[in-house]
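Novice: First the structure, then my questions, so here it is.
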There are 2 protein chains.
Amino acid sequence: MENYDLIVIGAGPGGYIAAERAGHAGKKVLLIEKENLGGVCTNWGCIPTKSLLNSSKLYKKALHGEAYGVTAENVRFNLEKAMAHKQDTIETLRKGIAYLMKSNKVDVVFAEATLTSSKTVMADGKEYGFDNLFVATGSTAFVPPIPGSDLPHVLTNVGILEVESLPKNLVVIGGGVIGVEFASFFSAVGVNVSVVEMMDEIIPLMDGEFSAALRKSMSQVDFHLKAKVTKIDKTKVYFEKDGAETALDADLVLMAVGRRPLTMGLEKIGVDVAPQGIRVDEQMRTNLPGIFAIGDVNGKSLLAHSASRMGEVAVNTILGKPDRMRYDAIPWAVYTDPEAAGCGLTEAQAKDAGYKVQTATVQMRANGRFLAEQGKKEPGMCKVVVEEGSGLLLGVHMLGIYSSEIIHSAAAMMEMELRVQDIKEIVFPHPSVSEIIKDCLWAL
Amino acid sequence: MENYDLIVIGAGPGGYIAAERAGHAGKKVLLIEKENLGGVCTNWGCIPTKSLLNSSKLYKKALHGEAYGVTAENVRFNLEKAMAHKQDTIETLRKGIAYLMKSNKVDVVFAEATLTSSKTVMADGKEYGFDNLFVATGSTAFVPPIPGSDLPHVLTNVGILEVESLPKNLVVIGGGVIGVEFASFFSAVGVNVSVVEMMDEIIPLMDGEFSAALRKSMSQVDFHLKAKVTKIDKTKVYFEKDGAETALDADLVLMAVGRRPLTMGLEKIGVDVAPQGIRVDEQMRTNLPGIFAIGDVNGKSLLAHSASRMGEVAVNTILGKPDRMRYDAIPWAVYTDPEAAGCGLTEAQAKDAGYKVQTATVQMRANGRFLAEQGKKEPGMCKVVVEEGSGLLLGVHMLGIYSSEIIHSAAAMMEMELRVQDIKEIVFPHPSVSEIIKDCLWAL
């Protein structure tokens with residue numbers, strides 16, 4: 001039986017980054033993946049959705065370029081070509097990951113893995129021993145037991161990325177990031193889209209002011225909040241709101257109510273597994289020595305970049321380098337049209353945590369680049385949340401173009417625990433939408 | 001004679017920001033502007049060029065959307081509409097500045113200002129006294145004494161923003177930021193563009209590897225390096241290179257060889273004026289008490305955001321708050337297609353400064369979002385320059401989409417003197433092009 005310093009199960013952004021870093025550090029590493037390199041992120045999540053959303057944004061720009069001096073006739077959206085580009089992007093990235101594994105001397109086995117003991121893994125009929133195991137098996141779409149949820153036109157994030165023609169009426173069940181991104185894409189290319197959400201607002205991780213603004217700016221989508229889906233049939237989705245039942249036409253249904261961790265039945269070998277995922281400490285260690293759980297499977301932060309950082313923390317831990325996972329400066333982005341992004345605490349979260357806060361919100365239409373590229377009517381704003389007195393930056397929230405590329409600086413500023421006065425001395429390039437962060441701080 | 005705590009001459013991004021900050025702090029402020037609020041930046045520089053470049057990028061996207069699933073027929077560029085949008089953007093921003101002045105209780109006089117003594121200014125026939133004076137008069141295009149440079153079709157950045165029809169052949173004299181941005185715009189909308197540059201590479205502030213890559217990626221532009229324009233006539237521009245003379249067809253010529261400071265003849269009242277601008281210290285003070293010079297007029301850093309920061313430093317100085325102007329973490333961006341941006345030292349500059357350096361360059365096509373949105377063939381790369389041993393980040397250089405919105409984080413990291421290990425612990429959102437900075441650090 002071959003023994004590895006580290007076996008990683010699952011080649012998503014948690015698993016492959018961990019394998020790369022450990023391989024780079026000279027460890028003998030085996031990566032086991034049951035489907036494709038890149039996991040959900042590369043194959044059925046972050047990447048394909050961003051590819052499709054880019055296509056729908058290009059379509060919108062081609063349709064509405066006249067105010068900027070660009071006219072065109074017969075502007076059409078071709079789903080087949082958009083899907084082909086998406087597929088090409090995925091395959092190129094998979095090859096890139098394969099190359100990364102090879103160049104960092106990581107062995108890769110494509111098979112379903114099972115734990116045969118707390119020191120051995122079976123894959124493709126072969127048993128491997130390990131000193132350390134990273135469980136990076138991720139999560140899958142949770143499909144609630146709603147009558148009709150097993151009908152063939154009811155898809156999750158996986159199936160909807162393979163549709164061959166645009167539906168007429170799409171109903172999205174769940175107004176989280178996944179649901180709202182797909183709603184943005186399909187509504188932009190001419191599909192009638194409804195979103196049915198149980199909570200009183202979409203995208204719970206966002207500052208309430210911003211999620212409401214995003215919802216309003218997606219005016220082509222029919223949002224139903226505080227609404228509970230009761231039944232799906234071949235042509236309709238039924239929901240209940242305030243005691244009344246409504247039926248929405250649907251030839252395609254996306255189920256996007258949440259994710260459940262793929263915990264491999266590890267409780268059987270004694271791993272401590274909670275309903276939201278495998279329990280871990282700040283170094284991503286489970287209760288069993290040498291067994292770590294990183295990424296969605298521990299339920300701590302269901303974001304690709306959180307998984308990667310967890311992978312790094314776990315690798316540093318087995319290398320004996322002090323490191324720990326922190327959750328207070330993790331940025332997130334939603335690639336809707338308009339984009340949204342944030343990092344740190346919302347105003348409500350900061351108050352709940354006992355901070356005395358100051359906030360300022362600035363509209364992006366006051367920003368030179370935004371105005372030049374988006375005009376006066378496109379939505380866009382930025383809000384900062386700061387601790388009163390100390391001036392410590394607690395949160396940055398953005399809605400509008402480029403938000404997803406700007407927000408990493410907020411992560412850097414919060415990680416470094418910068419205060420308002422420190423940030424005021426940083427020079428931001430003009431004209432750029434990024435200046436809005438500084439403008440917010442001056443507006444406090 | 002009315003006396004002010006502060007008189008600011010020139011309402012560009014140096015002057016108006018200084019007036020705003022001082023007014024906000026309760027000072028009695030007068031802003032004197034001879035033309036339009038916003039100065040060169042808002043009216044004849046940063047903003048109008050970004051508006052036009054956005055239009056030309058939209059045109060390119062509408063023409064080449066097929067690979068992403070967007071087809072269109074009869075795609076046309078309408079200069080009149082693009083110019084109208086540009087003008088609308090300018091006017092909206094001017095109104096915004098006027099509102100800022102009003103809300104910060106800054107008096108504004110539109111007139112040419114002259115110094116009548118080291119304590120008084122004359123404008124529009126009226127004399128004003130000051131405790132402090134900020135000279136923020138900016139710069140203007142330098143027009144070298146080349147035969148034919150006074151012909152009516154030879155324009156500077158001001159005149160070219162008013163052209164009513166596209167030329168057939170544009171010759172740009174000077175391959176700096178201004179020249180290359182206009183070359184990018186006009187060549188994208190179908191004009192034959194040549195750039196004639198005396199130096200051996202375009203855009204001297206860029207890392208040599210990046211300026212060469214930008215030049216190559218603008219393959220539709222005919223670049224002539226180490227070439228000296230000798231004469232302009234009604235139909236041609238003549239240049240000499242390696243002893244041979246060449247003539248380029250030109251029905252429009254842009255003169256963009258450099259800028260000269262508008263120093264108001266201040267040497268007459270004893271201000272120390274050097275050829276590149278008014279001499280200032282780290283607090284922007286000239287040799288005369290109470291007289292400061294901020295922005296292009298001091299020749300220290302000809303960038304809008306440098307001018308704004310200088311304005312803040314000068315205001316803090318008169319408020320008695322310790323502050324000083326630093327030039328080592330000022331980002332810059334070039335809004336060509338593709339964009340470029342940078343902050344800190346290039347590899348060559350770092351070596352010249354005596355640093356032992358490590359560098360790493362990563363291609364953007366390895367980045368998920370870049371690949372999804374730009375495909376495999378668009379140019380893009382990022383380079384980091386780090387001090388060996390300490391790991392101190394010395395420079396970040398980027399070419400490719402979103403560079404201008406990402407680079408402010410490099411300014412923040414350099415301002416905070418972060419080291420490689422610090423930055424590796426920052427979480428960047430996935431998928432975003434901004435991740436390339438972290439990837440570069442891991443590639444070291």
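Following the order of the structure tokens, chains are lettered A, B, ..., residues in each are numbered from 1, and ligands are numbered from 1.
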Residues near B:Leu248, anyone? I mean within 8 Å using only C-alpha atoms, not counting same-chain ones fewer than 6 positions away, as an NGL selection string.

Specialist: :B and (171 or 194 or 236-238)

Novice: Could you take the residues named above and write them with N, CA and C atoms, as a PDB file, in the first residue's frame?

Specialist:
```pdb
ATOM      1  N   VAL B 171      -1.995  61.347 -37.391  1.00  0.00           N
ATOM      2  CA  VAL B 171      -0.637  61.122 -36.887  1.00  0.00           C
ATOM      3  C   VAL B 171      -0.549  61.725 -35.489  1.00  0.00           C
ATOM      4  N   SER B 194      -1.008  56.582 -36.856  1.00  0.00           N
ATOM      5  CA  SER B 194       0.427  56.377 -36.655  1.00  0.00           C
ATOM      6  C   SER B 194       0.850  57.164 -35.427  1.00  0.00           C
ATOM      7  N   LYS B 236       0.854  65.965 -44.838  1.00  0.00           N
ATOM      8  CA  LYS B 236       1.807  64.953 -44.362  1.00  0.00           C
ATOM      9  C   LYS B 236       2.567  65.379 -43.103  1.00  0.00           C
ATOM     10  N   VAL B 237       3.034  64.352 -42.410  1.00  0.00           N
ATOM     11  CA  VAL B 237       3.976  64.565 -41.300  1.00  0.00           C
ATOM     12  C   VAL B 237       5.280  63.857 -41.687  1.00  0.00           C
ATOM     13  N   TYR B 238       6.382  64.563 -41.601  1.00  0.00           N
ATOM     14  CA  TYR B 238       7.685  64.017 -42.000  1.00  0.00           C
ATOM     15  C   TYR B 238       8.497  63.694 -40.753  1.00  0.00           C
TER      16      TYR B 238
END
```

Novice: If we count only C-alpha atoms and set the cut-off at 8 Å, which residues sit around A:Lys57, ignoring sequence neighbours fewer than 4 positions away in its own chain? Please answer as an mmCIF file with N, CA, C and O atoms, in the first residue's frame.

Specialist:
```
data_model
loop_
_atom_site.group_PDB
_atom_site.id
_atom_site.type_symbol
_atom_site.label_atom_id
_atom_site.label_comp_id
_atom_site.auth_asym_id
_atom_site.auth_seq_id
_atom_site.Cartn_x
_atom_site.Cartn_y
_atom_site.Cartn_z
ATOM 1 N N LEU A 53 -22.880 35.124 -17.783
ATOM 2 C CA LEU A 53 -23.262 36.496 -17.419
ATOM 3 C C LEU A 53 -22.490 37.523 -18.249
ATOM 4 O O LEU A 53 -23.022 38.574 -18.606
ATOM 5 N N LYS A 61 -25.189 45.405 -23.830
ATOM 6 C CA LYS A 61 -24.405 46.542 -24.328
ATOM 7 C C LYS A 61 -24.615 46.738 -25.831
ATOM 8 O O LYS A 61 -24.718 47.872 -26.300
ATOM 9 N N ALA A 188 -31.861 38.765 -18.904
ATOM 10 C CA ALA A 188 -31.173 39.672 -19.834
ATOM 11 C C ALA A 188 -31.286 39.199 -21.274
ATOM 12 O O ALA A 188 -31.242 40.008 -22.191
ATOM 13 N N ASP A 337 -26.242 41.919 -13.083
ATOM 14 C CA ASP A 337 -26.148 43.199 -13.772
ATOM 15 C C ASP A 337 -27.177 44.131 -13.132
ATOM 16 O O ASP A 337 -28.357 43.974 -13.374
#
```

Novice: Got a sec: who's within 8 Å of stretch 160-164 of chain B, counting only C-alpha atoms, leaving out chain neighbours fewer than 5 positions off, as a list in words?

Specialist: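 Once the nearby chain positions are removed, what remains is Trp44, Pro48, Leu79, Glu80, Met83, Leu155 and Leu254 of chain B.
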
Novice: Could the residues in this selection be saved with N, CA, C and O atoms as a compact mmCIF listing (two decimals), in the first residue's frame?

Specialist:
```txt
# COMPACT_ATOMS: atom_id res chain seq x y z
N TRP B 44 -10.71 68.49 -20.49
CA TRP B 44 -9.90 68.17 -21.68
C TRP B 44 -8.90 67.07 -21.41
O TRP B 44 -7.87 66.98 -22.06
N PRO B 48 -13.07 63.26 -20.47
CA PRO B 48 -13.53 63.09 -21.86
C PRO B 48 -12.84 61.93 -22.57
O PRO B 48 -13.49 61.21 -23.34
N LEU B 79 -19.76 59.31 -34.17
CA LEU B 79 -18.90 60.21 -33.41
C LEU B 79 -19.70 61.30 -32.72
O LEU B 79 -19.42 61.66 -31.57
N GLU B 80 -20.71 61.81 -33.42
CA GLU B 80 -21.49 62.91 -32.85
C GLU B 80 -22.14 62.49 -31.53
O GLU B 80 -22.10 63.22 -30.54
N MET B 83 -19.50 62.05 -28.83
CA MET B 83 -19.07 63.37 -28.36
C MET B 83 -20.14 64.01 -27.46
O MET B 83 -19.81 64.67 -26.47
N LEU B 155 -3.57 69.72 -33.74
CA LEU B 155 -4.32 70.00 -32.51
C LEU B 155 -3.60 69.45 -31.29
O LEU B 155 -2.75 68.57 -31.40
N LEU B 254 -2.14 65.12 -33.92
CA LEU B 254 -2.24 65.41 -32.48
C LEU B 254 -0.84 65.63 -31.94
O LEU B 254 0.04 64.78 -32.09
```

Novice: Work out how far apart atom CA of B:Phe134 and atom CA of B:Gly265 are and give it in Å to one decimal.

Specialist: 14.8 Å

Novice: Show which residues sit within 10 Å of A:Glu2, as a list in words. Count only C-alpha atoms, and ignore same-chain residues fewer than 5 positions away.

Specialist: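 The residues satisfying every condition are Thr120, Lys126, Glu127, Tyr128, Gly129 and Phe130 of chain A.
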
Novice: Selected residues, N, CA, C and O atoms, written as an mmCIF file, in the first residue's frame, please.

Specialist:
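In the end it all went to part-v3.cif:
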```
data_model
loop_
_atom_site.group_PDB
_atom_site.id
_atom_site.type_symbol
_atom_site.label_atom_id
_atom_site.label_comp_id
_atom_site.auth_asym_id
_atom_site.auth_seq_id
_atom_site.Cartn_x
_atom_site.Cartn_y
_atom_site.Cartn_z
ATOM 1 N N THR A 120 -6.565 5.187 6.104
ATOM 2 C CA THR A 120 -6.517 4.633 4.736
ATOM 3 C C THR A 120 -7.746 5.039 3.914
ATOM 4 O O THR A 120 -8.851 5.159 4.427
ATOM 5 N N LYS A 126 -8.122 0.533 -5.183
ATOM 6 C CA LYS A 126 -6.775 0.516 -4.609
ATOM 7 C C LYS A 126 -6.778 1.242 -3.275
ATOM 8 O O LYS A 126 -7.504 2.221 -3.110
ATOM 9 N N GLU A 127 -5.987 0.761 -2.351
ATOM 10 C CA GLU A 127 -5.956 1.394 -1.043
ATOM 11 C C GLU A 127 -4.695 2.241 -0.878
ATOM 12 O O GLU A 127 -3.612 1.855 -1.314
ATOM 13 N N TYR A 128 -4.882 3.427 -0.293
ATOM 14 C CA TYR A 128 -3.763 4.348 -0.078
ATOM 15 C C TYR A 128 -3.718 4.734 1.395
ATOM 16 O O TYR A 128 -4.762 4.992 1.995
ATOM 17 N N GLY A 129 -2.510 4.813 1.933
ATOM 18 C CA GLY A 129 -2.368 5.284 3.315
ATOM 19 C C GLY A 129 -2.034 6.761 3.357
ATOM 20 O O GLY A 129 -1.527 7.317 2.377
ATOM 21 N N PHE A 130 -2.356 7.407 4.471
ATOM 22 C CA PHE A 130 -2.029 8.839 4.568
ATOM 23 C C PHE A 130 -1.579 9.198 5.978
ATOM 24 O O PHE A 130 -2.002 8.576 6.960
#
```

Novice: Write out as a ChimeraX atom specification all residues of stretch 212-430 of chain B that backbone DSSP assigns to strand (DSSP E or B).

Specialist: /B:221-224,228-232,236-241,244-249,252-255,259-261,273-274,277-278,285,291-293,332-334,340-344,357-363,381-387,392-399,419

Novice: Need the shell around B:Glu435: protein/DNA/RNA residues with any atom at most 9 Å away, counting only C-alpha atoms. Skip same-chain ones fewer than 6 positions apart. Format as a short mmCIF file (atom, residue, chain, number, x, y, z; two decimals) with all heavy atoms, in the first residue's frame?

Specialist:
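Saved as around_37.cif:
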```
data_model
loop_
_atom_site.label_atom_id
_atom_site.label_comp_id
_atom_site.auth_asym_id
_atom_site.auth_seq_id
_atom_site.Cartn_x
_atom_site.Cartn_y
_atom_site.Cartn_z
N GLU A 405 -14.18 43.63 -8.82
CA GLU A 405 -12.73 43.79 -8.97
C GLU A 405 -12.14 44.78 -7.96
O GLU A 405 -10.94 44.84 -7.77
CB GLU A 405 -12.38 44.22 -10.41
CG GLU A 405 -12.71 43.18 -11.46
CD GLU A 405 -11.85 41.91 -11.37
OE1 GLU A 405 -10.84 41.91 -10.64
OE2 GLU A 405 -12.23 40.91 -12.01
N HIS A 408 -11.52 43.51 -3.35
CA HIS A 408 -10.35 42.86 -2.71
C HIS A 408 -9.55 43.88 -1.89
O HIS A 408 -8.88 43.51 -0.93
CB HIS A 408 -9.45 42.18 -3.74
CG HIS A 408 -8.68 43.12 -4.59
ND1 HIS A 408 -9.26 43.88 -5.58
CD2 HIS A 408 -7.37 43.46 -4.60
CE1 HIS A 408 -8.33 44.63 -6.16
NE2 HIS A 408 -7.18 44.39 -5.59
N ASN B 367 -6.15 33.12 -15.53
CA ASN B 367 -7.13 33.59 -14.54
C ASN B 367 -8.55 33.26 -15.01
O ASN B 367 -8.91 33.53 -16.16
CB ASN B 367 -6.94 35.11 -14.38
CG ASN B 367 -7.98 35.77 -13.50
OD1 ASN B 367 -9.11 35.97 -13.92
ND2 ASN B 367 -7.60 36.10 -12.28
N VAL B 427 -7.55 37.47 1.53
CA VAL B 427 -8.43 36.66 0.69
C VAL B 427 -8.95 37.52 -0.47
O VAL B 427 -9.57 38.56 -0.24
CB VAL B 427 -9.59 36.07 1.51
CG1 VAL B 427 -10.51 35.25 0.60
CG2 VAL B 427 -9.06 35.21 2.65
N PHE B 428 -8.69 37.08 -1.67
CA PHE B 428 -9.17 37.77 -2.89
C PHE B 428 -10.41 37.04 -3.39
O PHE B 428 -10.46 35.81 -3.37
CB PHE B 428 -8.09 37.72 -3.97
CG PHE B 428 -6.91 38.63 -3.74
CD1 PHE B 428 -6.08 38.45 -2.63
CD2 PHE B 428 -6.62 39.65 -4.62
CE1 PHE B 428 -4.99 39.29 -2.41
CE2 PHE B 428 -5.53 40.49 -4.41
CZ PHE B 428 -4.72 40.31 -3.30
N PRO B 429 -11.42 37.77 -3.88
CA PRO B 429 -12.64 37.08 -4.33
C PRO B 429 -12.41 36.30 -5.62
O PRO B 429 -11.70 36.77 -6.52
CB PRO B 429 -13.62 38.23 -4.56
CG PRO B 429 -12.77 39.42 -4.88
CD PRO B 429 -11.50 39.24 -4.08
#
```

Novice: Just how far from atom CA of B:Arg94 is atom CA of B:Cys343, in Å to one decimal?

Specialist: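 So the two atoms, atom CA of B:Cys343 and atom CA of B:Arg94, lie 28.7 Å apart.
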
Novice: Do you know which residues are at most 7 Å from stretch 17-31 of chain A counting only C-alpha atoms, after dropping those on the same chain fewer than 3 positions away, and could you put them as a VMD selection string?

Specialist: chain A and resid 4 to 9 11 13 to 14 100 to 101 104 to 109 308 311 to 312 315

Novice: Excluding B:Asn78 and its own-chain neighbours fewer than 2 positions away, which residues fall within 9 Å of it when counting only C-alpha atoms? Please give them as a PyMOL selection string.

Specialist: (chain A and resi 66+68-71) or (chain B and resi 76+80-83)

Novice: Dump N, CA and C atoms for the selected residues as a short mmCIF file (atom, residue, chain, number, x, y, z; two decimals), in the first residue's frame?

Specialist:
```cif
data_model
loop_
_atom_site.label_atom_id
_atom_site.label_comp_id
_atom_site.auth_asym_id
_atom_site.auth_seq_id
_atom_site.Cartn_x
_atom_site.Cartn_y
_atom_site.Cartn_z
N GLU A 66 -26.41 52.94 -28.21
CA GLU A 66 -26.63 54.16 -28.99
C GLU A 66 -26.26 55.44 -28.23
N TYR A 68 -23.99 55.93 -26.36
CA TYR A 68 -22.53 56.07 -26.33
C TYR A 68 -21.95 56.16 -27.74
N GLY A 69 -22.82 56.17 -28.75
CA GLY A 69 -22.33 56.32 -30.12
C GLY A 69 -22.17 55.01 -30.87
N VAL A 70 -22.75 53.92 -30.36
CA VAL A 70 -22.62 52.63 -31.04
C VAL A 70 -24.00 52.12 -31.44
N THR A 71 -24.23 52.00 -32.73
CA THR A 71 -25.52 51.50 -33.19
C THR A 71 -25.33 50.14 -33.87
N ARG B 76 -22.19 50.31 -36.27
CA ARG B 76 -21.60 51.59 -36.69
C ARG B 76 -21.18 52.43 -35.48
N GLU B 80 -20.71 61.81 -33.42
CA GLU B 80 -21.49 62.91 -32.85
C GLU B 80 -22.14 62.49 -31.53
N LYS B 81 -22.70 61.26 -31.52
CA LYS B 81 -23.34 60.80 -30.27
C LYS B 81 -22.31 60.53 -29.17
N ALA B 82 -21.18 59.97 -29.56
CA ALA B 82 -20.13 59.71 -28.56
C ALA B 82 -19.65 61.04 -27.96
N MET B 83 -19.50 62.05 -28.83
CA MET B 83 -19.07 63.37 -28.36
C MET B 83 -20.14 64.01 -27.46
#
```

Novice: Which of these, B:Asp249, B:Glu388, B:Asp328, B:Asp200, has the shortest distance to chain A once you count only C-alpha atoms?

Specialist: B:Asp328

Novice: Assign secondary structure with DSSP using the backbone only, and return the residues of stretch 151-346 of chain B in helix (DSSP H, G or I) as a ChimeraX atom specification.

Specialist: /B:159-162,177-188,208-217,266-269,295-298,304-318

Novice: So how many Å separate atom CA of B:Lys60 and atom CA of A:Lys60, to one decimal?

Specialist: 14.2 Å

Novice: Nearest to chain A: which of B:Leu266, B:Ala366, B:Cys382, B:Ile401 is it, counting only C-alpha atoms?

Specialist: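 With only C-alpha atoms as the atom set, the closest residue is B:Ala366.
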
Novice: Can you work out which one of A:Tyr327, A:Met284, A:Ser56, A:Val253 has the shortest atom-to-atom distance to A:Met310, counting only C-alpha atoms?

Specialist: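 Residue with the minimum atom-to-atom distance to A:Met310: A:Met284.
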
Novice: Using only C-alpha atoms, find the one residue out of A:Ser301, A:Ser165, A:Gln283, A:Ser51 that sits nearest to chain B.

Specialist: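 Looking at the shortest contact to chain B, the residue is A:Ser51.
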